[in-house]
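> Structure file my_file_4.txt (compact mmCIF, C-alpha atoms and all ligand atoms) right here:
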# COMPACT_ATOMS: atom_id res chain seq x y z
CA MET A 1 0.00 0.00 0.00
CA VAL A 2 1.33 3.46 -0.92
CA ARG A 3 1.57 5.69 2.13
CA LYS A 4 0.07 9.18 1.73
CA ARG A 5 1.76 12.28 3.09
CA VAL A 6 -0.72 14.65 4.71
CA ALA A 7 -0.50 18.38 5.44
CA LEU A 8 -3.09 19.44 8.02
CA LEU A 9 -3.82 23.17 8.21
CA GLY A 10 -5.71 24.10 11.39
CA ALA A 11 -4.67 21.01 13.38
CA THR A 12 -5.78 22.37 16.76
CA GLY A 13 -9.41 23.10 15.82
CA SER A 14 -12.45 20.86 15.93
CA ILE A 15 -11.92 19.49 12.39
CA GLY A 16 -8.13 19.29 12.89
CA ILE A 17 -8.48 17.19 16.05
CA ASN A 18 -10.96 14.86 14.32
CA THR A 19 -8.65 14.56 11.32
CA LEU A 20 -5.75 13.46 13.53
CA ASP A 21 -8.08 10.98 15.22
CA VAL A 22 -8.86 9.47 11.79
CA ILE A 23 -5.18 9.41 10.83
CA ALA A 24 -4.24 7.74 14.13
CA ARG A 25 -6.58 4.87 13.25
CA HIS A 26 -4.64 4.20 10.04
CA PRO A 27 -0.92 4.45 10.89
CA ASP A 28 -0.14 2.12 7.97
CA ARG A 29 -1.58 4.59 5.43
CA TYR A 30 -0.74 8.16 6.42
CA ASP A 31 2.29 10.21 7.44
CA VAL A 32 1.71 13.68 8.81
CA VAL A 33 4.33 15.94 7.23
CA LEU A 34 3.00 19.41 8.11
CA LEU A 35 0.86 20.65 11.01
CA THR A 36 -0.31 24.23 11.45
CA ALA A 37 -2.14 26.21 14.13
CA PHE A 38 -2.52 29.83 15.13
CA ASN A 39 -2.01 30.33 18.89
CA ASN A 40 -2.79 27.04 20.62
CA VAL A 41 0.83 26.13 21.40
CA LYS A 42 -0.07 23.66 24.13
CA LEU A 43 -2.17 21.38 21.93
CA LEU A 44 0.06 21.82 18.90
CA THR A 45 3.09 20.72 20.99
CA LYS A 46 1.27 17.53 21.99
CA GLN A 47 0.26 16.86 18.38
CA VAL A 48 3.81 17.39 17.09
CA ARG A 49 5.13 14.91 19.70
CA ARG A 50 2.52 12.34 18.71
CA PHE A 51 2.61 12.68 14.87
CA ASN A 52 6.23 13.81 14.22
CA PRO A 53 5.73 16.20 11.28
CA ALA A 54 8.94 17.57 9.77
CA LYS A 55 7.37 21.02 9.45
CA VAL A 56 5.14 23.10 11.67
CA ALA A 57 3.63 26.56 11.13
CA LEU A 58 2.11 28.84 13.77
CA SER A 59 2.00 32.50 14.77
CA LYS A 60 5.42 34.09 14.66
CA GLU A 61 5.49 35.08 18.31
CA HIS A 62 5.31 31.44 19.46
CA ILE A 63 8.01 30.04 17.18
CA GLN A 64 11.01 30.57 19.52
CA ALA A 65 9.28 28.84 22.42
CA MET A 66 8.42 25.80 20.30
CA LYS A 67 11.87 25.64 18.76
CA ALA A 68 13.29 25.39 22.27
CA SER A 69 11.26 22.20 22.89
CA PHE A 70 11.99 20.47 19.57
CA GLY A 71 15.52 21.54 18.61
CA ARG A 72 16.47 20.75 15.02
CA LYS A 73 14.10 17.82 14.53
CA VAL A 74 11.29 20.11 13.37
CA SER A 75 11.38 23.20 11.12
CA PHE A 76 9.10 26.06 12.16
CA PHE A 77 7.36 28.58 9.88
CA ASP A 78 5.17 31.66 10.13
CA VAL A 79 1.54 30.68 9.56
CA ALA A 80 0.65 34.20 8.35
CA THR A 81 3.04 34.16 5.39
CA ASP A 82 4.49 30.71 4.68
CA LEU A 83 1.50 28.43 4.07
CA PRO A 84 1.23 28.86 0.25
CA ALA A 85 4.86 27.78 -0.24
CA LEU A 86 4.64 24.99 2.35
CA VAL A 87 1.58 23.26 0.84
CA ALA A 88 3.11 23.24 -2.65
CA ASP A 89 6.00 21.03 -1.43
CA LYS A 90 6.48 17.94 -3.59
CA ASN A 91 6.56 15.77 -0.45
CA ILE A 92 2.86 16.37 0.20
CA ASP A 93 0.04 14.29 -1.33
CA ILE A 94 -3.05 15.50 0.55
CA VAL A 95 -3.80 18.94 1.99
CA VAL A 96 -6.58 19.02 4.60
CA LEU A 97 -7.87 22.58 5.03
CA ALA A 98 -9.21 22.71 8.57
CA MET A 99 -8.35 26.30 9.39
CA SER A 100 -11.16 28.78 9.75
CA GLY A 101 -11.70 31.99 7.81
CA SER A 102 -10.86 33.35 4.38
CA VAL A 103 -7.13 33.27 5.31
CA ALA A 104 -7.35 29.74 3.91
CA LEU A 105 -7.71 31.17 0.38
CA ASP A 106 -4.01 31.56 -0.49
CA PRO A 107 -2.94 28.09 0.72
CA PHE A 108 -6.04 26.59 -0.97
CA LEU A 109 -5.12 28.14 -4.32
CA SER A 110 -1.48 27.16 -3.93
CA ALA A 111 -2.34 23.52 -3.10
CA VAL A 112 -4.65 23.35 -6.11
CA GLN A 113 -2.04 24.90 -8.41
CA ALA A 114 0.49 22.33 -7.18
CA GLY A 115 -1.98 19.58 -8.24
CA LYS A 116 -2.57 18.21 -4.74
CA LEU A 117 -5.57 16.31 -3.50
CA VAL A 118 -7.28 18.99 -1.40
CA ALA A 119 -9.81 18.12 1.31
CA PRO A 120 -11.46 21.39 2.37
CA ALA A 121 -13.55 21.61 5.54
CA ASN A 122 -12.97 25.35 5.26
CA LYS A 123 -15.87 26.91 3.37
CA GLU A 124 -14.92 30.58 3.56
CA ALA A 125 -12.31 30.27 0.78
CA LEU A 126 -14.83 28.56 -1.52
CA VAL A 127 -17.42 31.25 -0.79
CA VAL A 128 -14.95 34.04 -1.45
CA ALA A 129 -13.24 32.66 -4.57
CA GLY A 130 -14.91 29.36 -5.41
CA GLU A 131 -15.04 29.92 -9.17
CA MET A 132 -11.34 30.73 -9.30
CA ILE A 133 -10.40 27.75 -7.11
CA MET A 134 -12.46 25.34 -9.22
CA SER A 135 -11.12 26.64 -12.52
CA GLU A 136 -7.54 26.42 -11.23
CA ALA A 137 -8.28 22.87 -10.04
CA ARG A 138 -9.42 21.91 -13.55
CA ARG A 139 -6.40 23.62 -15.12
CA CYS A 140 -3.90 22.00 -12.76
CA ARG A 141 -5.67 18.64 -12.48
CA ALA A 142 -6.07 18.92 -8.74
CA ARG A 143 -8.79 16.90 -7.05
CA ILE A 144 -11.03 18.55 -4.45
CA ILE A 145 -12.95 16.23 -2.12
CA PRO A 146 -15.12 18.15 0.32
CA VAL A 147 -15.14 17.50 4.06
CA ASP A 148 -18.04 19.80 5.03
CA SER A 149 -20.71 17.19 5.85
CA GLU A 150 -23.39 18.49 3.45
CA GLN A 151 -20.94 18.79 0.55
CA SER A 152 -19.56 15.34 1.32
CA ALA A 153 -23.12 13.98 1.26
CA ILE A 154 -23.70 15.58 -2.16
CA PHE A 155 -20.34 14.31 -3.42
CA GLN A 156 -21.22 10.79 -2.25
CA SER A 157 -24.76 10.95 -3.70
CA LEU A 158 -23.40 12.05 -7.10
CA GLU A 159 -20.96 9.13 -7.29
CA GLY A 160 -21.95 6.54 -9.86
CA HIS A 161 -24.66 8.71 -11.46
CA ARG A 162 -24.71 10.61 -14.74
CA ARG A 163 -24.28 14.32 -14.30
CA GLU A 164 -26.83 15.11 -17.03
CA ASP A 165 -29.49 13.26 -14.99
CA LEU A 166 -29.19 15.68 -12.07
CA ARG A 167 -32.19 17.91 -11.35
CA CYS A 168 -31.13 19.71 -8.15
CA ILE A 169 -29.63 19.20 -4.71
CA HIS A 170 -31.16 19.66 -1.26
CA LEU A 171 -28.87 20.88 1.53
CA THR A 172 -30.15 19.93 4.96
CA ALA A 173 -29.82 22.31 7.91
CA SER A 174 -30.33 21.30 11.53
CA GLY A 175 -31.62 24.83 12.15
CA GLY A 176 -29.10 25.47 14.92
CA PRO A 177 -29.80 26.31 18.55
CA LEU A 178 -32.39 29.04 17.82
CA LEU A 179 -34.72 27.12 15.52
CA ARG A 180 -37.72 27.32 17.88
CA LEU A 181 -36.89 30.66 19.54
CA PRO A 182 -39.13 33.58 18.48
CA ARG A 183 -37.19 36.29 16.63
CA SER A 184 -38.30 38.86 19.25
CA ARG A 185 -36.16 37.02 21.83
CA GLN A 186 -32.96 36.93 19.78
CA GLY A 187 -31.87 40.32 21.22
CA LYS A 188 -31.36 38.85 24.69
CA LEU A 189 -29.17 35.93 23.61
CA THR A 190 -25.75 35.57 25.26
CA VAL A 191 -22.67 34.12 23.57
CA LYS A 192 -23.13 31.01 25.72
CA ASP A 193 -26.74 30.51 24.49
CA VAL A 194 -25.66 30.77 20.86
CA LEU A 195 -22.70 28.39 21.26
CA LYS A 196 -25.00 25.59 22.49
CA HIS A 197 -25.47 23.77 19.18
CA PRO A 198 -27.94 20.90 19.55
CA ARG A 199 -26.23 18.47 17.13
CA TRP A 200 -22.65 19.37 16.25
CA LYS A 201 -19.60 20.27 18.36
CA MET A 202 -17.72 22.80 16.24
CA GLY A 203 -15.50 25.88 16.47
CA ALA A 204 -17.08 29.12 17.74
CA LYS A 205 -17.31 30.95 14.38
CA ILE A 206 -19.20 28.21 12.54
CA THR A 207 -21.46 27.62 15.55
CA VAL A 208 -22.55 31.27 15.49
CA ASP A 209 -23.01 31.04 11.70
CA SER A 210 -25.22 27.98 12.27
CA ALA A 211 -27.39 30.01 14.66
CA THR A 212 -27.95 32.81 12.11
CA LEU A 213 -28.22 30.23 9.26
CA MET A 214 -25.43 32.18 7.53
CA ASN A 215 -23.55 28.87 7.59
CA LYS A 216 -26.24 27.35 5.37
CA GLY A 217 -26.10 30.42 3.15
CA PHE A 218 -22.35 29.91 2.78
CA GLU A 219 -22.97 26.24 1.98
CA VAL A 220 -25.41 27.22 -0.81
CA ILE A 221 -22.61 29.25 -2.44
CA GLU A 222 -20.02 26.56 -1.64
CA ALA A 223 -22.18 23.84 -3.28
CA GLN A 224 -22.81 25.92 -6.40
CA ARG A 225 -19.07 26.36 -6.85
CA LEU A 226 -17.97 22.84 -5.92
CA PHE A 227 -20.50 21.08 -8.14
CA SER A 228 -20.99 23.73 -10.90
CA LEU A 229 -24.70 24.15 -10.17
CA ALA A 230 -27.10 26.84 -11.38
CA GLN A 231 -28.73 29.15 -8.81
CA ASP A 232 -32.06 27.35 -8.84
CA GLN A 233 -30.46 23.91 -8.48
CA VAL A 234 -29.62 24.39 -4.79
CA LYS A 235 -32.44 24.13 -2.22
CA VAL A 236 -32.33 24.23 1.58
CA VAL A 237 -34.54 22.22 3.91
CA ILE A 238 -34.56 22.19 7.72
CA HIS A 239 -33.95 18.73 9.17
CA PRO A 240 -33.51 19.06 12.95
CA GLN A 241 -32.24 15.50 13.55
CA ALA A 242 -29.16 16.16 11.32
CA LEU A 243 -28.98 12.54 10.19
CA VAL A 244 -29.70 13.03 6.48
CA HIS A 245 -26.64 15.07 5.58
CA SER A 246 -28.00 16.22 2.18
CA LEU A 247 -29.69 14.81 -0.93
CA VAL A 248 -29.39 14.80 -4.69
CA GLU A 249 -32.57 14.78 -6.81
CA TYR A 250 -32.48 13.23 -10.30
CA ILE A 251 -34.73 13.97 -13.28
CA ASP A 252 -36.79 10.81 -12.80
CA GLY A 253 -37.82 12.04 -9.31
CA SER A 254 -35.42 9.73 -7.44
CA MET A 255 -33.61 11.23 -4.49
CA ILE A 256 -30.31 9.82 -3.21
CA ALA A 257 -29.29 10.82 0.32
CA GLN A 258 -26.31 10.16 2.54
CA MET A 259 -27.16 9.38 6.16
CA SER A 260 -24.98 8.64 9.15
CA VAL A 261 -24.45 9.47 12.79
CA THR A 262 -23.59 13.13 13.33
CA ASP A 263 -19.81 12.75 13.44
CA MET A 264 -17.35 14.65 11.23
CA ARG A 265 -14.90 11.73 11.24
CA ILE A 266 -17.02 10.04 8.56
CA PRO A 267 -16.73 12.78 5.89
CA ILE A 268 -13.12 13.50 6.93
CA GLN A 269 -12.11 9.88 6.47
CA TYR A 270 -13.98 9.54 3.19
CA ALA A 271 -12.08 12.52 1.77
CA LEU A 272 -8.80 10.84 2.77
CA THR A 273 -9.62 7.32 1.57
CA PHE A 274 -11.83 8.05 -1.50
CA PRO A 275 -12.81 5.97 -3.44
CA GLU A 276 -12.29 3.35 -0.74
CA ARG A 277 -14.31 3.14 2.45
CA LEU A 278 -12.67 1.95 5.68
CA PRO A 279 -14.12 1.21 9.12
CA THR A 280 -14.38 4.31 11.33
CA GLY A 281 -15.30 2.47 14.51
CA LEU A 282 -18.65 4.30 14.34
CA LYS A 283 -21.97 2.49 14.16
CA GLY A 284 -24.63 2.85 11.49
CA LEU A 285 -27.94 4.45 12.44
CA ASP A 286 -30.49 2.50 14.43
CA LEU A 287 -33.43 3.48 12.23
CA ALA A 288 -36.07 1.72 14.30
CA ALA A 289 -34.90 3.59 17.41
CA ILE A 290 -34.87 6.93 15.55
CA LYS A 291 -38.47 6.30 14.42
CA GLN A 292 -38.92 9.55 12.53
CA LEU A 293 -37.03 12.03 10.42
CA THR A 294 -38.65 15.42 9.90
CA PHE A 295 -38.23 18.13 7.26
CA GLU A 296 -39.61 21.68 7.11
CA PRO A 297 -39.02 24.82 5.06
CA PRO A 298 -36.56 27.39 6.46
CA ASP A 299 -38.16 30.48 8.02
CA VAL A 300 -36.38 33.23 6.10
CA ALA A 301 -38.23 35.98 7.98
CA LYS A 302 -36.64 34.69 11.19
CA PHE A 303 -33.29 33.86 9.59
CA PRO A 304 -32.82 36.56 6.89
CA ALA A 305 -29.13 35.62 6.48
CA LEU A 306 -30.19 32.68 4.33
CA ALA A 307 -32.14 34.88 1.90
CA LEU A 308 -29.26 37.37 1.84
CA ALA A 309 -26.81 34.61 0.90
CA PHE A 310 -29.07 33.45 -1.95
CA ASP A 311 -29.23 37.04 -3.18
CA VAL A 312 -25.45 37.46 -2.92
CA SER A 313 -24.96 34.22 -4.77
CA ARG A 314 -27.11 35.55 -7.63
CA ARG A 315 -25.07 38.77 -7.71
CA GLY A 316 -21.82 36.76 -7.75
CA GLY A 317 -18.53 38.53 -8.56
CA THR A 318 -17.04 40.11 -5.44
CA ALA A 319 -20.34 40.06 -3.50
CA PRO A 320 -19.69 36.67 -1.78
CA ALA A 321 -16.26 37.91 -0.58
CA VAL A 322 -18.00 40.92 0.99
CA LEU A 323 -20.67 38.74 2.61
CA ASN A 324 -17.97 36.54 4.14
CA ALA A 325 -15.68 39.34 5.33
CA ALA A 326 -18.52 41.34 6.92
CA ASP A 327 -19.70 38.17 8.64
CA GLU A 328 -16.20 37.41 10.00
CA VAL A 329 -16.03 40.92 11.51
CA ALA A 330 -19.56 40.83 12.93
CA VAL A 331 -19.25 37.33 14.42
CA GLU A 332 -15.92 38.22 16.02
CA ALA A 333 -17.55 41.30 17.60
CA PHE A 334 -20.45 39.20 18.87
CA LEU A 335 -18.07 36.61 20.36
CA ALA A 336 -16.10 39.39 22.05
CA GLY A 337 -19.32 40.69 23.65
CA ASN A 338 -19.32 43.89 21.57
CA LEU A 339 -22.43 43.26 19.47
CA PRO A 340 -25.87 41.84 20.27
CA PHE A 341 -26.86 38.76 18.29
CA PRO A 342 -29.30 40.53 15.89
CA GLY A 343 -26.52 43.05 15.16
CA ILE A 344 -24.60 40.36 13.25
CA TYR A 345 -27.14 40.27 10.45
CA LYS A 346 -27.65 44.05 10.47
CA ILE A 347 -23.94 44.74 9.98
CA VAL A 348 -23.57 42.11 7.28
CA GLU A 349 -26.65 43.29 5.38
CA ARG A 350 -25.65 46.96 5.49
CA THR A 351 -22.16 46.16 4.25
CA VAL A 352 -23.43 43.93 1.44
CA LEU A 353 -25.99 46.52 0.31
CA LEU A 354 -23.32 49.22 0.06
CA HIS A 355 -21.05 47.09 -2.14
CA LYS A 356 -20.91 47.41 -5.92
CA SER A 357 -19.99 43.94 -7.06
CA ILE A 358 -17.26 43.51 -9.70
CA GLY A 359 -18.04 40.68 -12.15
CA ASN A 360 -15.46 38.06 -13.07
CA PRO A 361 -13.04 39.34 -10.40
CA SER A 362 -9.28 38.84 -10.26
CA LEU A 363 -7.65 37.70 -7.03
CA SER A 364 -6.71 41.29 -6.24
CA ASP A 365 -10.33 42.46 -6.86
CA ILE A 366 -11.45 39.81 -4.37
CA LYS A 367 -8.87 40.83 -1.79
CA GLU A 368 -9.74 44.50 -2.18
CA ALA A 369 -13.43 43.72 -1.74
CA ASP A 370 -12.56 41.68 1.37
CA SER A 371 -10.55 44.57 2.91
CA TRP A 372 -13.23 47.10 1.97
CA ALA A 373 -15.91 44.95 3.63
CA ARG A 374 -13.84 44.52 6.81
CA GLU A 375 -13.30 48.28 7.09
CA THR A 376 -16.92 49.08 6.29
CA ALA A 377 -18.29 46.53 8.77
CA ALA A 378 -15.84 47.76 11.44
CA GLY A 379 -17.03 51.32 10.73
CA PHE A 380 -20.67 50.30 11.34
CA LEU A 381 -19.58 48.58 14.55
CA ARG A 382 -17.83 51.71 15.82
CA LYS A 383 -20.88 53.84 15.07
CA GLY A 384 -23.00 51.27 16.92
CA LYS A 385 -25.29 50.79 13.95
P1 LIG B 1 -11.92 25.92 15.01
O1 LIG B 1 -12.16 27.31 15.43
O2 LIG B 1 -12.22 24.82 15.97
O3 LIG B 1 -10.40 25.74 14.52
C1 LIG B 1 -9.79 26.66 13.66
C2 LIG B 1 -8.37 26.23 13.36
O4 LIG B 1 -7.79 27.23 12.51
C3 LIG B 1 -7.48 26.14 14.60
O5 LIG B 1 -6.46 25.20 14.37
C4 LIG B 1 -6.88 27.55 14.66
O6 LIG B 1 -5.65 27.60 15.38
C5 LIG B 1 -6.67 27.83 13.18
N1 LIG B 1 -6.70 29.26 12.85
C6 LIG B 1 -7.58 30.19 13.31
N2 LIG B 1 -7.29 31.40 12.79
C7 LIG B 1 -6.21 31.23 12.00
C8 LIG B 1 -5.41 32.11 11.21
N3 LIG B 1 -5.68 33.42 11.12
N4 LIG B 1 -4.36 31.59 10.54
C9 LIG B 1 -4.07 30.27 10.62
N5 LIG B 1 -4.77 29.39 11.36
C10 LIG B 1 -5.83 29.87 12.03
O7 LIG B 1 -12.75 25.71 13.66
P2 LIG B 1 -13.45 24.39 13.09
O8 LIG B 1 -12.52 23.24 13.17
O9 LIG B 1 -14.80 24.25 13.67
O10 LIG B 1 -13.66 24.80 11.57
C11 LIG B 1 -12.59 24.89 10.64
C12 LIG B 1 -13.15 25.15 9.26
O11 LIG B 1 -13.96 24.04 8.88
C13 LIG B 1 -14.07 26.38 9.18
O12 LIG B 1 -13.89 26.99 7.94
C14 LIG B 1 -15.48 25.79 9.29
O13 LIG B 1 -16.44 26.57 8.62
C15 LIG B 1 -15.29 24.45 8.59
N6 LIG B 1 -16.21 23.38 9.03
C16 LIG B 1 -16.19 22.96 10.32
C17 LIG B 1 -17.05 21.95 10.75
C18 LIG B 1 -17.00 21.42 12.14
O14 LIG B 1 -17.66 20.42 12.43
N7 LIG B 1 -16.24 22.00 13.05
C19 LIG B 1 -18.01 21.33 9.81
C20 LIG B 1 -17.90 21.83 8.46
C21 LIG B 1 -17.04 22.82 8.10
P3 LIG B 1 -5.62 27.85 16.99
O15 LIG B 1 -6.34 26.69 17.61
O16 LIG B 1 -4.18 27.86 17.32
O17 LIG B 1 -6.32 29.16 17.22
MG MG B 2 -21.83 21.87 7.04
Before we go any further, please render this structure as structure tokens.

Amino acid sequence: MVRKRVALLGATGSIGINTLDVIARHPDRYDVVLLTAFNNVKLLTKQVRRFNPAKVALSKEHIQAMKASFGRKVSFFDVATDLPALVADKNIDIVVLAMSGSVALDPFLSAVQAGKLVAPANKEALVVAGEMIMSEARRCRARIIPVDSEQSAIFQSLEGHRREDLRCIHLTASGGPLLRLPRSRQGKLTVKDVLKHPRWKMGAKITVDSATLMNKGFEVIEAQRLFSLAQDQVKVVIHPQALVHSLVEYIDGSMIAQMSVTDMRIPIQYALTFPERLPTGLKGLDLAAIKQLTFEPPDVAKFPALALAFDVSRRGGTAPAVLNAADEVAVEAFLAGNLPFPGIYKIVERTVLLHKSIGNPSLSDIKEADSWARETAAGFLRKGK
């Protein structure tokens, strides 16, 4: 069996930890050659001891301290600047993108241009520059196998079927922690309330995005880009049990779904082992015990972020980059206690409405739109609007 060399970007986060758990189950198949984090030196140190990567990247200020513990056995790099060069290394086969935020864009593009197999959990980069990433992947013959559970479900449900037979896809959404809370009570929500996701244990940013349904909006854009779908081919349905991870509908009316326990190790492992399937140690679903699965339409009056994302997706160009950047700023402010929960949507909407989208953008157009949106959203925050 040929061993695969894996670079894991964002090793210390929720997806990163699950990815290392999957890799640890298959020591005969994978070598970890690069691990990256931002500030979590304690966990990163443990992971480096356990998985022995030759290279490690993290925030510059922590490099000296880590060097002191590892001597010359490990080379250390600055995560803010060195990732694009590191992921293009010829000694890497698979790049798992488990870091959060649109900072994943440059390493994503670089990995694709180097022809790697890229397994993105990160969705921000695909929202911001999905068309460019996919066209570079085609040009450079890079394979992209999604880790995000809904996109993995679509990927799996498309396998073995003819593309021309596809009618549309249905992305499922658990509805997050606020599904049954009246909108009038959203103003009183604390950070703790919003971080209590009923189904998934995830990083703070994506958990807040799940509560506003912005996460589902991002996934609509992500799916359109990943699978080259038209606007009206992506639908969203609320499915509170989060066991049907998404569905593909074909022209004869058949629907193919992927179902499993709510555990990210399944899509993570599939992206690593595709087209093979290996045991995960996880059980299948006990359907008789579950008894019922329910589906309902999303309430866009209560969760306007979803409608905004559909609108942004139609506008295309630099609009998705602005949606993402404004959301990153607003969610960070909410998490820091500087913005009430309903303020997240208000800031994002105001920023998006002010933006004049540039069609068919270059990378620098996208980056300019991103910076403009961050400044504009921060300006609204300062004015308390
Ligand atoms: P976490 O917040 O748990 O982890 C984020 C990781 O990225 C950490 O390793 C963190 O390092 C690192 N990081 C944060 N900021 C930077 C930066 N500026 N530069 C470099 N590295 C950075 O996030 P999740 O694991 O929950 O999510 C990761 C990505 O996967 C997101 O894009 C999310 O949308 C997506 N995703 C997550 C799912 C989940 O189940 N968690 C499901 C589907 C998609 P440090 O720990 O040192 O701060
Ligand atoms: Mg998802």
> For Arg50 of chain A, find every residue with an atom within 10 Å (counting all atoms listed in the file), except residues of its own chain fewer than 5 positions away, and show them as a ChimeraX atom specification.
/A:20,24,44-45
> Can you work out which one of A:Ile221, A:Pro279, A:Val300, A:Val236 has the shortest atom-to-atom distance to Arg315 of chain A, counting all atoms listed in the file?
A:Ile221
> Given a cut-off of 12 Å, what residues near ligand MG 2 (chain B) show up using only C-alpha atoms and all ligand atoms, put as JSON, numbers by chain?
{"A": [15, 120, 121, 122, 123, 124, 146, 147, 148, 149, 150, 151, 152, 153, 154, 171, 172, 173, 174, 175, 176, 199, 200, 201, 202, 206, 207, 209, 210, 213, 214, 215, 216, 217, 218, 219, 220, 222, 223, 242, 244, 245, 246, 262, 263, 264, 267]}
> Would you work out the distance separating atom CA of Ile145 of chain A from atom CA of Ala119 of chain A, expressed in Å to one decimal?
5.0 Å
> Set the distance at 7 Å and use only C-alpha atoms: which residues neighbour Ile169 of chain A once local chain neighbours fewer than 3 positions away are removed? I'd like the list as a ChimeraX atom specification.
/A:233-235,247-249
> Rounded to one decimal, what separation in Å do you get between atom O4 of ligand LIG 1 (chain B) and atom CA of Thr19 of chain A?
12.8 Å
> Work out how far apart atom CA of Arg29 of chain A and atom CA of Arg3 of chain A are and give it in Å to one decimal.
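The value is 4.7 Å.
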> So that I can see what lies close to Leu178 of chain A, please list as a list in words the residues with an atom at most 10 Å from it, counting only C-alpha atoms and leaving out residues fewer than 5 positions away in the same chain.
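The neighbour list is Arg183, Arg185, Gln186, Leu189, Asp193, Val194, Lys196, His197, Pro198, Ser210, Ala211, Thr212, Leu213, Lys302 and Phe303 of chain A.
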> Rank nothing, just name the residue among A:Asp93, A:Glu332, A:Glu136, A:Asp311 nearest to Val112 of chain A, using only C-alpha atoms.
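Checking each of A:Asp93, A:Glu332, A:Glu136, A:Asp311 against Val112 of chain A, counting only C-alpha atoms, the winner is A:Glu136.
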> Mind working out the centre and edge lengths of an axis-aligned box for ligand LIG 1 (chain B), all listed atoms inside, 3 Å added to each side, rounded to one decimal in Å and written as JSON?

{"center_x": -11.0, "center_y": 26.9, "center_z": 12.8, "size_x": 19.9, "size_y": 19.0, "size_z": 15.7}
> Is there a way to complete segment 225-229 of chain A with all heavy atoms and then write that out as a PDB file, in the coordinates of the input?

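Done, and the output landed in part-v8.pdb:
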ATOM      1  N   ARG A 225     -20.428  26.316  -6.298  1.00  0.00           N
ATOM      2  CA  ARG A 225     -19.070  26.360  -6.850  1.00  0.00           C
ATOM      3  C   ARG A 225     -18.479  24.969  -6.987  1.00  0.00           C
ATOM      4  O   ARG A 225     -17.918  24.612  -8.022  1.00  0.00           O
ATOM      5  CB  ARG A 225     -18.152  27.214  -5.962  1.00  0.00           C
ATOM      6  CG  ARG A 225     -18.663  28.603  -5.627  1.00  0.00           C
ATOM      7  CD  ARG A 225     -18.899  29.468  -6.867  1.00  0.00           C
ATOM      8  NE  ARG A 225     -19.225  30.833  -6.504  1.00  0.00           N
ATOM      9  CZ  ARG A 225     -20.420  31.395  -6.590  1.00  0.00           C
ATOM     10  NH1 ARG A 225     -21.456  30.715  -7.066  1.00  0.00           N
ATOM     11  NH2 ARG A 225     -20.608  32.656  -6.238  1.00  0.00           N
ATOM     12  N   LEU A 226     -18.598  24.169  -5.915  1.00  0.00           N
ATOM     13  CA  LEU A 226     -17.970  22.840  -5.920  1.00  0.00           C
ATOM     14  C   LEU A 226     -18.530  21.938  -7.011  1.00  0.00           C
ATOM     15  O   LEU A 226     -17.807  21.159  -7.626  1.00  0.00           O
ATOM     16  CB  LEU A 226     -18.206  22.142  -4.573  1.00  0.00           C
ATOM     17  CG  LEU A 226     -17.249  22.435  -3.440  1.00  0.00           C
ATOM     18  CD1 LEU A 226     -17.798  21.842  -2.137  1.00  0.00           C
ATOM     19  CD2 LEU A 226     -15.856  21.882  -3.710  1.00  0.00           C
ATOM     20  N   PHE A 227     -19.861  22.036  -7.237  1.00  0.00           N
ATOM     21  CA  PHE A 227     -20.500  21.080  -8.140  1.00  0.00           C
ATOM     22  C   PHE A 227     -21.020  21.746  -9.414  1.00  0.00           C
ATOM     23  O   PHE A 227     -21.813  21.148 -10.143  1.00  0.00           O
ATOM     24  CB  PHE A 227     -21.650  20.364  -7.395  1.00  0.00           C
ATOM     25  CG  PHE A 227     -21.193  19.695  -6.120  1.00  0.00           C
ATOM     26  CD1 PHE A 227     -21.598  20.169  -4.877  1.00  0.00           C
ATOM     27  CD2 PHE A 227     -20.329  18.615  -6.156  1.00  0.00           C
ATOM     28  CE1 PHE A 227     -21.162  19.577  -3.697  1.00  0.00           C
ATOM     29  CE2 PHE A 227     -19.881  18.008  -4.993  1.00  0.00           C
ATOM     30  CZ  PHE A 227     -20.291  18.489  -3.757  1.00  0.00           C
ATOM     31  N   SER A 228     -20.571  22.979  -9.697  1.00  0.00           N
ATOM     32  CA  SER A 228     -20.990  23.730 -10.900  1.00  0.00           C
ATOM     33  C   SER A 228     -22.498  23.703 -11.084  1.00  0.00           C
ATOM     34  O   SER A 228     -23.001  23.231 -12.111  1.00  0.00           O
ATOM     35  CB  SER A 228     -20.339  23.141 -12.160  1.00  0.00           C
ATOM     36  OG  SER A 228     -18.976  23.126 -12.028  1.00  0.00           O
ATOM     37  N   LEU A 229     -23.238  24.188 -10.112  1.00  0.00           N
ATOM     38  CA  LEU A 229     -24.700  24.150 -10.170  1.00  0.00           C
ATOM     39  C   LEU A 229     -25.249  25.540 -10.474  1.00  0.00           C
ATOM     40  O   LEU A 229     -24.663  26.555 -10.090  1.00  0.00           O
ATOM     41  CB  LEU A 229     -25.267  23.677  -8.830  1.00  0.00           C
ATOM     42  CG  LEU A 229     -24.856  22.255  -8.434  1.00  0.00           C
ATOM     43  CD1 LEU A 229     -25.185  21.993  -6.968  1.00  0.00           C
ATOM     44  CD2 LEU A 229     -25.535  21.228  -9.332  1.00  0.00           C
TER      45      LEU A 229
END
